[in-house]
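Chemist: The structure is given below, and queries will be raised subsequently.
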Number of protein chains: 2
Amino acid sequence: MFDGKFMEVVSKEGVVAIVSCAENEAHVVNTWNSYLVFPDEQRILIPAWKMLETEKKITQNNNVLLTLGTKEVEGRMGPGTGYLITGTAKFLRLGPEFDMMKSKFSFMTRVLEITVSSVQQTL
Amino acid sequence: MFDGKFMEVVSKEGVVAIVSCAENEAHVVNTWNSYLVFPDEQRILIPAWKMLETEKKITQNNNVLLTLGTKEVEGRMGPGTGYLITGTAKFLRLGPEFDMMKSKFSFMTRVLEITVSSVQQTL
């Protein structure tokens with residue numbers, strides 16, 4: 001799911017947008033590329049501190065979109081590569097992956113777990 | 001609407017997410033901080049090349065969310081500042097602002113005009 005080019009983009013710092021949508025209203029929160037953890041080929045773990053509105057939205061519709069990118073990696077149309085990730089979201093409040101994440105990101109209160117359906121290079 | 005800190009963040013390169021939502025489904029496209037043009041205190045102009053799905057969504061619901069940020073500007077919680085912008089969107093296909101944008105961004109086919117309701121520092 002996560003190829004070399006994608007991991008190269010993630011390795012540069014930048015803003016990640018996490019988009020949820022319910023009742024015809026979108027919500028978006030941000031995190032940083034450097035906060036994304038890839039425990040396996042299918043999932044992304046993200047430390048969550050607040051993200052209360054995201055949590056509310058995903059109880060109604062757990063489909064989420066993430067975008068990220070960097071101008072520092074050459075894309076299809078010159079400098080700059082971006083990715084759109086689709087998947088489903090869940091918040092973890094305990095367990096070994098929660099503990100592993102808490103040891104890296106002491107500020108977090110939950111883990112946002114994204115089970116990825118697709119990763120698409122947009123730029 | 002656009003204070004000094006906001007303009008400092010925009011002056012650093014990074015990914016902007018533009019989020020629309022209709023029929024309980026979110027859509028997100030990206031652009032770059034360096035593509036944002038501020039013609040006055042209320043609006044943001046963005047060159048649009050494809051953005052066909054965004055255009056479709058906003059005919060049903062013209063409320064959009066934009067996020068942007070950079071790790072290079074100190075925020076409220078250490079390095080990194082992010083902003084959430086809410087507003088309404090419209091596509092421009094002609095007129096003096098279209099021509100001005102076309103002269104800067106030859107690739108564009110339309111201008112995405114955001115009329116901003118709020119700008120909120122999130123980080």
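Starting from 1 in every chain, residues are counted up; chains themselves are A, B, ... following the order of the structure tokens, and ligands are numbered from 1 as listed.
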Enumerate the residues of chain A with a DSSP assignment of helix (DSSP H, G or I), computed from the backbone, and present them as a count of residues only.
Modeler: 29
Chemist: Restrict the calculation to only C-alpha atoms, then for each residue of chain A with any atom at most 10 Å from an atom of chain B give the closest atom pair and their distance in Å to one decimal, rows by chain and rising residue number, as JSON lines.
Modeler:
{"residue": "A:Glu13", "atom": "CA", "partner": "B:Lys71", "partner_atom": "CA", "distance": 7.3}
{"residue": "A:Gly14", "atom": "CA", "partner": "B:Gly14", "partner_atom": "CA", "distance": 6.5}
{"residue": "A:Val15", "atom": "CA", "partner": "B:Gly69", "partner_atom": "CA", "distance": 6.0}
{"residue": "A:Val16", "atom": "CA", "partner": "B:Val15", "partner_atom": "CA", "distance": 8.2}
{"residue": "A:Ala17", "atom": "CA", "partner": "B:Ala17", "partner_atom": "CA", "distance": 6.5}
{"residue": "A:Ile18", "atom": "CA", "partner": "B:Ala17", "partner_atom": "CA", "distance": 9.3}
{"residue": "A:Val19", "atom": "CA", "partner": "B:Ala26", "partner_atom": "CA", "distance": 7.2}
{"residue": "A:Ser20", "atom": "CA", "partner": "B:Ala26", "partner_atom": "CA", "distance": 6.7}
{"residue": "A:Cys21", "atom": "CA", "partner": "B:Ala26", "partner_atom": "CA", "distance": 5.5}
{"residue": "A:Ala22", "atom": "CA", "partner": "B:Asn24", "partner_atom": "CA", "distance": 5.4}
{"residue": "A:Glu23", "atom": "CA", "partner": "B:Asn24", "partner_atom": "CA", "distance": 5.9}
{"residue": "A:Asn24", "atom": "CA", "partner": "B:Asn24", "partner_atom": "CA", "distance": 4.6}
{"residue": "A:Glu25", "atom": "CA", "partner": "B:Cys21", "partner_atom": "CA", "distance": 6.1}
{"residue": "A:Ala26", "atom": "CA", "partner": "B:Cys21", "partner_atom": "CA", "distance": 5.6}
{"residue": "A:His27", "atom": "CA", "partner": "B:Leu65", "partner_atom": "CA", "distance": 7.6}
{"residue": "A:Val28", "atom": "CA", "partner": "B:Leu65", "partner_atom": "CA", "distance": 7.4}
{"residue": "A:Val29", "atom": "CA", "partner": "B:Thr67", "partner_atom": "CA", "distance": 7.9}
{"residue": "A:Asn30", "atom": "CA", "partner": "B:Thr67", "partner_atom": "CA", "distance": 7.4}
{"residue": "A:Thr31", "atom": "CA", "partner": "B:Gly82", "partner_atom": "CA", "distance": 9.0}
{"residue": "A:Trp32", "atom": "CA", "partner": "B:Lys71", "partner_atom": "CA", "distance": 8.3}
{"residue": "A:Gln60", "atom": "CA", "partner": "B:Asn24", "partner_atom": "CA", "distance": 9.9}
{"residue": "A:Asn61", "atom": "CA", "partner": "B:Asn24", "partner_atom": "CA", "distance": 8.2}
{"residue": "A:Asn63", "atom": "CA", "partner": "B:Glu25", "partner_atom": "CA", "distance": 8.4}
{"residue": "A:Val64", "atom": "CA", "partner": "B:Ala26", "partner_atom": "CA", "distance": 8.0}
{"residue": "A:Leu65", "atom": "CA", "partner": "B:Val28", "partner_atom": "CA", "distance": 7.4}
{"residue": "A:Leu66", "atom": "CA", "partner": "B:Val28", "partner_atom": "CA", "distance": 8.2}
{"residue": "A:Thr67", "atom": "CA", "partner": "B:Ala17", "partner_atom": "CA", "distance": 7.1}
{"residue": "A:Leu68", "atom": "CA", "partner": "B:Val15", "partner_atom": "CA", "distance": 6.8}
{"residue": "A:Gly69", "atom": "CA", "partner": "B:Val15", "partner_atom": "CA", "distance": 6.0}
{"residue": "A:Thr70", "atom": "CA", "partner": "B:Gly14", "partner_atom": "CA", "distance": 6.4}
{"residue": "A:Lys71", "atom": "CA", "partner": "B:Gly14", "partner_atom": "CA", "distance": 6.9}
{"residue": "A:Glu72", "atom": "CA", "partner": "B:Glu13", "partner_atom": "CA", "distance": 9.6}
{"residue": "A:Gly80", "atom": "CA", "partner": "B:Trp32", "partner_atom": "CA", "distance": 8.8}
{"residue": "A:Thr81", "atom": "CA", "partner": "B:Val15", "partner_atom": "CA", "distance": 9.5}
{"residue": "A:Gly82", "atom": "CA", "partner": "B:Asn30", "partner_atom": "CA", "distance": 7.5}
{"residue": "A:Tyr83", "atom": "CA", "partner": "B:Asn30", "partner_atom": "CA", "distance": 8.8}
{"residue": "A:Leu84", "atom": "CA", "partner": "B:Val28", "partner_atom": "CA", "distance": 8.1}
{"residue": "A:Thr122", "atom": "CA", "partner": "B:Asn30", "partner_atom": "CA", "distance": 8.3}
{"residue": "A:Leu123", "atom": "CA", "partner": "B:Asn30", "partner_atom": "CA", "distance": 8.8}
Chemist: For Gln42 (chain A), which residue out of A:Gly95, A:Ile85, A:Lys90, A:Phe2 is the nearest one, using only C-alpha atoms?
Modeler: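 With only C-alpha atoms as the atom set, the closest residue is A:Phe2.
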Chemist: Show which residues sit within 8 Å of region 105-116 of chain B, as number ranges by chain. Count only C-alpha atoms, and ignore same-chain residues fewer than 2 positions away.
Modeler: B: 42-50, 85-94, 98, 101-103, 118-119
Chemist: Keeping C-alpha atoms, export the residues of the selection given above as a PDB file, in the first residue's frame.
Modeler:
ATOM      1  CA  GLN B  42     -12.130  38.800   2.559  1.00  0.00           C
ATOM      2  CA  ARG B  43     -11.191  36.525  -0.300  1.00  0.00           C
ATOM      3  CA  ILE B  44      -8.669  33.969  -1.493  1.00  0.00           C
ATOM      4  CA  LEU B  45      -8.184  33.165  -5.174  1.00  0.00           C
ATOM      5  CA  ILE B  46      -6.775  29.766  -6.153  1.00  0.00           C
ATOM      6  CA  PRO B  47      -5.897  28.566  -9.653  1.00  0.00           C
ATOM      7  CA  ALA B  48      -7.993  25.529 -10.594  1.00  0.00           C
ATOM      8  CA  TRP B  49      -6.916  23.039 -13.185  1.00  0.00           C
ATOM      9  CA  LYS B  50      -9.169  20.027 -12.641  1.00  0.00           C
ATOM     10  CA  ILE B  85     -10.315  28.601   7.134  1.00  0.00           C
ATOM     11  CA  THR B  86     -14.058  28.394   6.605  1.00  0.00           C
ATOM     12  CA  GLY B  87     -15.847  30.044   3.725  1.00  0.00           C
ATOM     13  CA  THR B  88     -17.924  29.654   0.614  1.00  0.00           C
ATOM     14  CA  ALA B  89     -16.621  28.695  -2.794  1.00  0.00           C
ATOM     15  CA  LYS B  90     -17.373  29.732  -6.346  1.00  0.00           C
ATOM     16  CA  PHE B  91     -15.612  29.061  -9.658  1.00  0.00           C
ATOM     17  CA  LEU B  92     -14.787  32.027 -11.896  1.00  0.00           C
ATOM     18  CA  ARG B  93     -14.412  31.479 -15.638  1.00  0.00           C
ATOM     19  CA  LEU B  94     -13.929  35.036 -16.824  1.00  0.00           C
ATOM     20  CA  PHE B  98      -9.611  35.473 -13.962  1.00  0.00           C
ATOM     21  CA  MET B 101      -4.755  34.797 -12.232  1.00  0.00           C
ATOM     22  CA  LYS B 102      -4.265  33.316 -15.719  1.00  0.00           C
ATOM     23  CA  SER B 103      -1.251  35.568 -16.219  1.00  0.00           C
ATOM     24  CA  SER B 118     -13.355  32.717   9.551  1.00  0.00           C
ATOM     25  CA  VAL B 119      -9.646  32.084   9.970  1.00  0.00           C
TER      26      VAL B 119
END
Chemist: Tell me which of A:Gln120, A:Thr59, A:Ser34, A:Thr54 sits closest to Lys104 (chain A), counting only C-alpha atoms.
Modeler: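 Among A:Gln120, A:Thr59, A:Ser34, A:Thr54, it is A:Ser34 that comes nearest to Lys104 (chain A).
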